[in-house]
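Peer 1: The structure that follows is given in the form of structure tokens.
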Amino acid sequence: MGKGKKWGSERSVYRDHISGATVTQWTDYMAHNFHLYFTNCGWYDNGSKLLFCSDRENATNLYSLDLVSGGITQLTDFGRTESHRLQNTFVNPLKHEAYFSLQNRIVALNLDNLEERVIYHRPDGYRFGNLSCTADGRNLCFALVQDMSKRLSVNRTGGYAGFEEMEAMRPHCQICLLSLDRGETRVVHEDRRWIGHINTSPTQPHLLTFCHEGPWEKVDHRIWVLNIETREVWKIRDNAPGQYAGHEYWHADGIRIGYHGFTGNLEQKEGKFLGSVRYDNTDLEEFEFPYQNMHIHSNDAHLIVGDGQQASAYHGAKYQDCLFLWKKNGDKMEGPRILCKHRGSFHVQKLHVHPRFSPDGTKVLFTSDMSGYGNLYMVDVPPFESLPPLEDVN
């Protein structure tokens, strides 16, 4: 029991019945297993291990998956009633250390010896947002969100319940910078807006993106960039009326920001688009496509994966639960092509599919509860041209 406990390989391999792509199921336990939030890279130790979360043994904890042997090691030992946000755990890009919030504190976990140390206590009256480590490994950036639980009776832990109400309350929020060397913390931005999705650039230590959280059509603007050094903030892709973009993420170069969005009718989301732009709003590239995704991800602007959360207008519900790939070809985006069936329910946050490319781009990691429980899967990425277009699938 507890820290350091070893679990044997739960790995199995199958071929997707639509595309023929090879899919590896890495976990198989009668509890939910899920990877880190899609903007957080869980690979570490030169890509040989993957950090993930599991509810096995009736408590949520962090685990390490050995991608060579398939073996699993328990890294933390929390009880069922402890309040934590482990899906937002962030791995230091330069050393074997990970960070997560636990009740009223931020904890640093040594991924080698599993020692924990408390590095920050939050002030009363606030809750933690997500956290993210700067590219130089020296600072941790995180959000503090005014605690509105006494005014908001809805339990928001399961999904998007209370989402609109929380945004309308305009909670006081801060983006904080914590020096991992000195232990000093300073506020680098604050506002009477619900701030979320703190994402540091993977190559530029002075840059991060954040969002004004809430229904995309309700917020003043979704995607923002902050220069940590100067505290300057600016909008990314200043939307025209009736345009909504979000679920932003950094490309691997730490320069471009990817996103997807929609236009037109808010219920039908009639016009869909995906795109990317440099952090200074130059060199914008955007493409229309006829399929609604919950999230997209890419390492660059050339190959993009989406989770197919909703049915397309012309293919109906049959392919609403597939992973799709788009490939840039000159000035147009080809696709989508079917990578594999995911059959994820999206019922709660831990069961969002959240597809993410591996650092080398050869695989896509995703979570699915196709078996009834959430599990980790990786699908090998074949040559784009070998995958079936929607038009060729009966």
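Here, A, B, ... name the chains of the structure tokens in the order displayed, residue numbers run from 1 inside each chain, and ligands are numbered from 1 in the same displayed order.
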DSSP on the backbone, then: every residue of region 240-336 of chain A marked strand (DSSP E or B), written as an MDAnalysis selection string.
Peer 2: chainID A and resid 243:250 256:263 271:278 285:288 296:297 303:306 312 316 322:329 332:336
Peer 1: Please list as a PDB file with N, CA, C and O atoms, in the first residue's frame every residue within 10 Å of Ser132 (chain A), counting only C-alpha atoms and excluding residues in the same chain fewer than 5 positions away.
Peer 2:
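Writing done, so here's selection_10.pdb:
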ATOM      1  N   THR A  39      -2.749  20.369 -21.762  1.00  0.00           N
ATOM      2  CA  THR A  39      -1.687  21.362 -21.928  1.00  0.00           C
ATOM      3  C   THR A  39      -0.445  21.029 -21.108  1.00  0.00           C
ATOM      4  O   THR A  39       0.576  21.712 -21.233  1.00  0.00           O
ATOM      5  N   ASN A  40      -0.518  19.996 -20.266  1.00  0.00           N
ATOM      6  CA  ASN A  40       0.587  19.629 -19.384  1.00  0.00           C
ATOM      7  C   ASN A  40       1.252  18.358 -19.896  1.00  0.00           C
ATOM      8  O   ASN A  40       0.596  17.317 -19.978  1.00  0.00           O
ATOM      9  N   ASN A  88      -4.046  18.572 -12.756  1.00  0.00           N
ATOM     10  CA  ASN A  88      -3.311  19.780 -13.132  1.00  0.00           C
ATOM     11  C   ASN A  88      -1.837  19.721 -12.728  1.00  0.00           C
ATOM     12  O   ASN A  88      -1.146  20.749 -12.786  1.00  0.00           O
ATOM     13  N   THR A  89      -1.351  18.568 -12.311  1.00  0.00           N
ATOM     14  CA  THR A  89       0.060  18.428 -11.957  1.00  0.00           C
ATOM     15  C   THR A  89       0.943  18.845 -13.126  1.00  0.00           C
ATOM     16  O   THR A  89       0.642  18.561 -14.289  1.00  0.00           O
ATOM     17  N   PHE A  90       2.062  19.507 -12.819  1.00  0.00           N
ATOM     18  CA  PHE A  90       2.971  19.984 -13.864  1.00  0.00           C
ATOM     19  C   PHE A  90       4.389  19.495 -13.564  1.00  0.00           C
ATOM     20  O   PHE A  90       4.870  19.622 -12.441  1.00  0.00           O
ATOM     21  N   VAL A  91       5.039  18.934 -14.576  1.00  0.00           N
ATOM     22  CA  VAL A  91       6.392  18.410 -14.423  1.00  0.00           C
ATOM     23  C   VAL A  91       7.405  19.492 -14.772  1.00  0.00           C
ATOM     24  O   VAL A  91       7.290  20.165 -15.810  1.00  0.00           O
ATOM     25  N   ASN A  92       8.408  19.679 -13.903  1.00  0.00           N
ATOM     26  CA  ASN A  92       9.482  20.629 -14.192  1.00  0.00           C
ATOM     27  C   ASN A  92      10.213  20.169 -15.452  1.00  0.00           C
ATOM     28  O   ASN A  92      10.614  18.999 -15.553  1.00  0.00           O
ATOM     29  N   TYR A  99       4.715  19.337  -9.548  1.00  0.00           N
ATOM     30  CA  TYR A  99       4.053  20.263  -8.630  1.00  0.00           C
ATOM     31  C   TYR A  99       2.536  20.110  -8.747  1.00  0.00           C
ATOM     32  O   TYR A  99       1.991  19.975  -9.840  1.00  0.00           O
ATOM     33  N   PHE A 100       1.879  20.149  -7.603  1.00  0.00           N
ATOM     34  CA  PHE A 100       0.424  20.062  -7.587  1.00  0.00           C
ATOM     35  C   PHE A 100      -0.097  20.802  -6.364  1.00  0.00           C
ATOM     36  O   PHE A 100       0.638  21.030  -5.386  1.00  0.00           O
ATOM     37  N   ASN A 139      10.743  28.921 -11.950  1.00  0.00           N
ATOM     38  CA  ASN A 139       9.578  29.548 -11.337  1.00  0.00           C
ATOM     39  C   ASN A 139       8.315  28.740 -11.604  1.00  0.00           C
ATOM     40  O   ASN A 139       8.176  28.083 -12.647  1.00  0.00           O
ATOM     41  N   LEU A 140       7.391  28.832 -10.670  1.00  0.00           N
ATOM     42  CA  LEU A 140       6.080  28.220 -10.815  1.00  0.00           C
ATOM     43  C   LEU A 140       5.052  29.344 -10.891  1.00  0.00           C
ATOM     44  O   LEU A 140       5.035  30.244 -10.044  1.00  0.00           O
ATOM     45  N   CYS A 141       4.228  29.302 -11.921  1.00  0.00           N
ATOM     46  CA  CYS A 141       3.158  30.283 -12.083  1.00  0.00           C
ATOM     47  C   CYS A 141       1.824  29.609 -11.761  1.00  0.00           C
ATOM     48  O   CYS A 141       1.590  28.470 -12.178  1.00  0.00           O
ATOM     49  N   PHE A 142       0.971  30.292 -11.040  1.00  0.00           N
ATOM     50  CA  PHE A 142      -0.311  29.699 -10.684  1.00  0.00           C
ATOM     51  C   PHE A 142      -1.342  30.790 -10.449  1.00  0.00           C
ATOM     52  O   PHE A 142      -1.012  31.964 -10.254  1.00  0.00           O
ATOM     53  N   ALA A 143      -2.613  30.386 -10.494  1.00  0.00           N
ATOM     54  CA  ALA A 143      -3.718  31.318 -10.287  1.00  0.00           C
ATOM     55  C   ALA A 143      -4.297  31.146  -8.895  1.00  0.00           C
ATOM     56  O   ALA A 143      -4.393  30.026  -8.373  1.00  0.00           O
ATOM     57  N   LEU A 177       3.776  34.365  -9.214  1.00  0.00           N
ATOM     58  CA  LEU A 177       5.051  33.795  -9.637  1.00  0.00           C
ATOM     59  C   LEU A 177       5.819  33.379  -8.389  1.00  0.00           C
ATOM     60  O   LEU A 177       6.148  34.212  -7.545  1.00  0.00           O
ATOM     61  N   HIS A 197      -6.477  28.602 -16.825  1.00  0.00           N
ATOM     62  CA  HIS A 197      -5.608  28.065 -17.889  1.00  0.00           C
ATOM     63  C   HIS A 197      -4.272  28.811 -17.962  1.00  0.00           C
ATOM     64  O   HIS A 197      -3.883  29.323 -19.010  1.00  0.00           O
ATOM     65  N   ILE A 198      -3.555  28.847 -16.843  1.00  0.00           N
ATOM     66  CA  ILE A 198      -2.213  29.438 -16.829  1.00  0.00           C
ATOM     67  C   ILE A 198      -1.270  28.473 -17.538  1.00  0.00           C
ATOM     68  O   ILE A 198      -1.005  27.370 -17.052  1.00  0.00           O
ATOM     69  N   ASN A 199      -0.760  28.869 -18.695  1.00  0.00           N
ATOM     70  CA  ASN A 199       0.113  27.992 -19.490  1.00  0.00           C
ATOM     71  C   ASN A 199       1.387  28.738 -19.853  1.00  0.00           C
ATOM     72  O   ASN A 199       1.348  29.706 -20.626  1.00  0.00           O
ATOM     73  N   THR A 200       2.514  28.284 -19.314  1.00  0.00           N
ATOM     74  CA  THR A 200       3.787  28.920 -19.640  1.00  0.00           C
ATOM     75  C   THR A 200       4.312  28.413 -20.977  1.00  0.00           C
ATOM     76  O   THR A 200       4.093  27.258 -21.356  1.00  0.00           O
ATOM     77  N   SER A 201       5.012  29.296 -21.684  1.00  0.00           N
ATOM     78  CA  SER A 201       5.655  28.894 -22.937  1.00  0.00           C
ATOM     79  C   SER A 201       6.719  27.839 -22.643  1.00  0.00           C
ATOM     80  O   SER A 201       7.490  27.989 -21.688  1.00  0.00           O
ATOM     81  N   PRO A 202       6.799  26.766 -23.449  1.00  0.00           N
ATOM     82  CA  PRO A 202       7.818  25.736 -23.196  1.00  0.00           C
ATOM     83  C   PRO A 202       9.235  26.145 -23.568  1.00  0.00           C
ATOM     84  O   PRO A 202      10.173  25.397 -23.289  1.00  0.00           O
ATOM     85  N   LEU A 208       3.604  33.652 -20.704  1.00  0.00           N
ATOM     86  CA  LEU A 208       2.567  32.674 -20.415  1.00  0.00           C
ATOM     87  C   LEU A 208       1.262  33.147 -21.031  1.00  0.00           C
ATOM     88  O   LEU A 208       1.062  34.336 -21.282  1.00  0.00           O
TER      89      LEU A 208
END
Peer 1: Between A:Trp234, A:Tyr63, A:Tyr44, A:Phe163, which residue has the minimum interatomic distance to Trp216 (chain A), considering only C-alpha atoms?
Peer 2: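 Of A:Trp234, A:Tyr63, A:Tyr44, A:Phe163, the one nearest Trp216 (chain A) is A:Phe163, counting only C-alpha atoms.
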Peer 1: Just want the 8 Å neighbourhood of region 72-85 of chain A, counted on only C-alpha atoms, with same-chain residues fewer than 6 positions away dropped. Output as a list in words.
Peer 2: Gly2, Lys3, Gly4, Lys5, Lys6, Trp7, Gly8, Ser9, Asn58, Ala59, Thr60, Asn61, Leu62, Tyr63, Ser64, Leu65, Asp66, Phe100, Ser101, Leu102, Gln103, Leu111 and Leu114 of chain A
Peer 1: Please, which residues of region 20-212 of chain A, numbered as in this document, come out alpha helix (DSSP H) from DSSP, as a list in words?
Peer 2: Phe163, Glu164, Glu165, Met166, Glu167 and Ala168 of chain A
Peer 1: Measuring atom to atom with only C-alpha atoms, identify which of A:Leu207, A:Val379, A:Val145, A:Leu365 is nearest to Gly129 (chain A).
Peer 2: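 Of A:Leu207, A:Val379, A:Val145, A:Leu365, the one nearest Gly129 (chain A) is A:Val145, counting only C-alpha atoms.
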Peer 1: What is the CA of Thr185 (chain A)-CA of Asp220 (chain A) distance in Å, reported with one decimal?
Peer 2: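 Atom-to-atom, CA of Thr185 (chain A) and CA of Asp220 (chain A) are spaced 28.4 Å apart.
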Peer 1: I'd like the contact shell of Gly137 (chain A) - 8 Å cut-off, only C-alpha atoms, skipping same-chain residues fewer than 6 positions apart - returned as number ranges by chain.
Peer 2: A: 92-95
Peer 1: A:Met370, A:Ile228, A:Ile106, A:Leu339: which is nearest Leu180 (chain A), counting only C-alpha atoms?
Peer 2: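 When distances to Leu180 (chain A) are compared using only C-alpha atoms, the smallest one comes from A:Ile106.
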Peer 1: For Cys173 (chain A), please output as a list in words all residues within 9 Å (counting only C-alpha atoms; exclusion window: fewer than 2 positions along the same chain).
Peer 2: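 Counting only C-alpha atoms, the residues come to Tyr126, Ala143, Leu144, Val145, Gln146, Arg170, Pro171, Ile175, His189, Glu190, Asp191, Arg192, Arg193, Trp194, Ile195 and Gly196 of chain A.
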Peer 1: Based on the selection just made, write C-alpha atoms of those residues as a PDB file, in the first residue's frame.
Peer 2:
ATOM      1  CA  TYR A 126      -9.014  31.936  -2.241  1.00  0.00           C
ATOM      2  CA  ALA A 143      -3.718  31.318 -10.287  1.00  0.00           C
ATOM      3  CA  LEU A 144      -5.485  32.271  -7.081  1.00  0.00           C
ATOM      4  CA  VAL A 145      -9.252  32.556  -7.491  1.00  0.00           C
ATOM      5  CA  GLN A 146     -11.521  34.205  -4.956  1.00  0.00           C
ATOM      6  CA  ARG A 170     -16.384  38.391 -11.393  1.00  0.00           C
ATOM      7  CA  PRO A 171     -14.163  36.838  -8.688  1.00  0.00           C
ATOM      8  CA  ILE A 175      -1.521  35.229 -11.291  1.00  0.00           C
ATOM      9  CA  HIS A 189      -1.255  40.148 -12.725  1.00  0.00           C
ATOM     10  CA  GLU A 190      -4.676  40.524 -11.112  1.00  0.00           C
ATOM     11  CA  ASP A 191      -8.189  41.369 -12.235  1.00  0.00           C
ATOM     12  CA  ARG A 192     -11.867  41.141 -11.368  1.00  0.00           C
ATOM     13  CA  ARG A 193     -12.250  38.371 -13.919  1.00  0.00           C
ATOM     14  CA  TRP A 194     -12.255  34.622 -13.510  1.00  0.00           C
ATOM     15  CA  ILE A 195      -8.710  33.734 -14.606  1.00  0.00           C
ATOM     16  CA  GLY A 196      -7.774  30.217 -15.615  1.00  0.00           C
TER      17      GLY A 196
END
Peer 1: Under the rule of at most 10 Å, produce a per-residue listing of region 218-244 of chain A near region 276-298 of chain A: chain, number, name, the closest pair of atoms, and the distance in Å, as JSON lines, using only C-alpha atoms.
Peer 2:
{"residue": "A:Trp224", "atom": "CA", "partner": "A:Tyr279", "partner_atom": "CA", "distance": 9.2}
{"residue": "A:Val225", "atom": "CA", "partner": "A:Tyr279", "partner_atom": "CA", "distance": 7.1}
{"residue": "A:Leu226", "atom": "CA", "partner": "A:Tyr279", "partner_atom": "CA", "distance": 9.7}
{"residue": "A:Trp234", "atom": "CA", "partner": "A:Asp280", "partner_atom": "CA", "distance": 8.7}
{"residue": "A:Lys235", "atom": "CA", "partner": "A:Asn281", "partner_atom": "CA", "distance": 8.4}
{"residue": "A:Ile236", "atom": "CA", "partner": "A:Asn281", "partner_atom": "CA", "distance": 6.1}
{"residue": "A:Arg237", "atom": "CA", "partner": "A:Asn281", "partner_atom": "CA", "distance": 6.7}
{"residue": "A:Asp238", "atom": "CA", "partner": "A:Asn281", "partner_atom": "CA", "distance": 9.1}
Peer 1: Grab the CA of Leu109 (chain A) to CA of Val353 (chain A) distance for me, in Å with one decimal place.
Peer 2: 25.9 Å
Peer 1: Can you pull out the residues contacting Arg151 (chain A)? Cut-off 12 Å, using only C-alpha atoms, and skip same-chain residues under 4 positions away; I want them as a list in words.
Peer 2: Gln146, Asp147, Asn155, Gly162, Glu165, Met166, Ala168, Met169 and Pro171 of chain A
Peer 1: Restricting it to all heavy atoms, dump the selection as a short mmCIF file (atom, residue, chain, number, x, y, z; two decimals), in the first residue's frame.
Peer 2:
data_model
loop_
_atom_site.label_atom_id
_atom_site.label_comp_id
_atom_site.auth_asym_id
_atom_site.auth_seq_id
_atom_site.Cartn_x
_atom_site.Cartn_y
_atom_site.Cartn_z
N GLN A 146 -10.70 33.92 -6.13
CA GLN A 146 -11.52 34.21 -4.96
C GLN A 146 -12.53 33.09 -4.72
O GLN A 146 -13.21 32.63 -5.64
CB GLN A 146 -12.25 35.54 -5.15
CG GLN A 146 -13.05 36.00 -3.94
CD GLN A 146 -13.76 37.32 -4.19
OE1 GLN A 146 -13.66 37.91 -5.27
NE2 GLN A 146 -14.48 37.80 -3.19
N ASP A 147 -12.63 32.63 -3.50
CA ASP A 147 -13.53 31.53 -3.14
C ASP A 147 -14.97 32.05 -3.11
O ASP A 147 -15.34 32.84 -2.25
CB ASP A 147 -13.14 30.97 -1.77
CG ASP A 147 -13.96 29.75 -1.38
OD1 ASP A 147 -14.84 29.35 -2.16
OD2 ASP A 147 -13.70 29.20 -0.29
N ASN A 155 -22.18 22.36 -6.98
CA ASN A 155 -20.91 21.65 -6.85
C ASN A 155 -20.25 21.60 -8.22
O ASN A 155 -20.73 20.95 -9.14
CB ASN A 155 -21.15 20.23 -6.32
CG ASN A 155 -19.85 19.47 -6.11
OD1 ASN A 155 -18.77 19.91 -6.52
ND2 ASN A 155 -19.95 18.33 -5.45
N GLY A 162 -22.53 25.32 -12.92
CA GLY A 162 -22.14 26.57 -12.28
C GLY A 162 -21.13 27.39 -13.04
O GLY A 162 -20.66 28.43 -12.55
N GLU A 165 -22.52 30.88 -13.90
CA GLU A 165 -22.73 31.65 -12.68
C GLU A 165 -21.41 32.14 -12.09
O GLU A 165 -21.32 33.28 -11.62
CB GLU A 165 -23.48 30.80 -11.65
CG GLU A 165 -24.90 30.45 -12.04
CD GLU A 165 -25.02 29.23 -12.95
OE1 GLU A 165 -23.97 28.74 -13.44
OE2 GLU A 165 -26.15 28.77 -13.18
N MET A 166 -20.40 31.29 -12.12
CA MET A 166 -19.09 31.67 -11.59
C MET A 166 -18.50 32.83 -12.38
O MET A 166 -17.97 33.79 -11.80
CB MET A 166 -18.15 30.46 -11.64
CG MET A 166 -16.76 30.74 -11.10
SD MET A 166 -16.70 31.00 -9.32
CE MET A 166 -14.92 31.10 -9.08
N ALA A 168 -20.09 35.14 -14.01
CA ALA A 168 -20.87 36.35 -13.78
C ALA A 168 -20.54 37.00 -12.44
O ALA A 168 -20.77 38.20 -12.26
CB ALA A 168 -22.35 36.02 -13.86
N MET A 169 -19.98 36.26 -11.50
CA MET A 169 -19.65 36.81 -10.18
C MET A 169 -18.39 37.67 -10.19
O MET A 169 -18.11 38.38 -9.23
CB MET A 169 -19.48 35.67 -9.17
CG MET A 169 -20.78 34.99 -8.82
SD MET A 169 -20.50 33.66 -7.60
CE MET A 169 -22.18 33.11 -7.33
N PRO A 171 -15.02 37.03 -9.87
CA PRO A 171 -14.16 36.84 -8.69
C PRO A 171 -12.82 37.56 -8.85
O PRO A 171 -12.30 37.68 -9.97
CB PRO A 171 -13.97 35.32 -8.66
CG PRO A 171 -14.13 34.88 -10.08
CD PRO A 171 -15.19 35.79 -10.65
#
Peer 1: Please determine, counting only C-alpha atoms, which residue among A:Cys322, A:Ala31, A:Met333, A:Ala135 has the shortest atom-to-atom distance to His302 (chain A).
Peer 2: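 Selected residue with least distance to His302 (chain A): A:Met333.
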Peer 1: My list of candidates is A:Arg343, A:Tyr29, A:Asp300, A:Arg337. Which is closest to Gly361 (chain A) when distances are computed with only C-alpha atoms?
Peer 2: A:Asp300
Peer 1: State, in Å with one decimal place, the distance from CA of Phe384 (chain A) to CA of Asn33 (chain A).
Peer 2: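 One can read the CA of Phe384 (chain A) to CA of Asn33 (chain A) distance as 29.0 Å.
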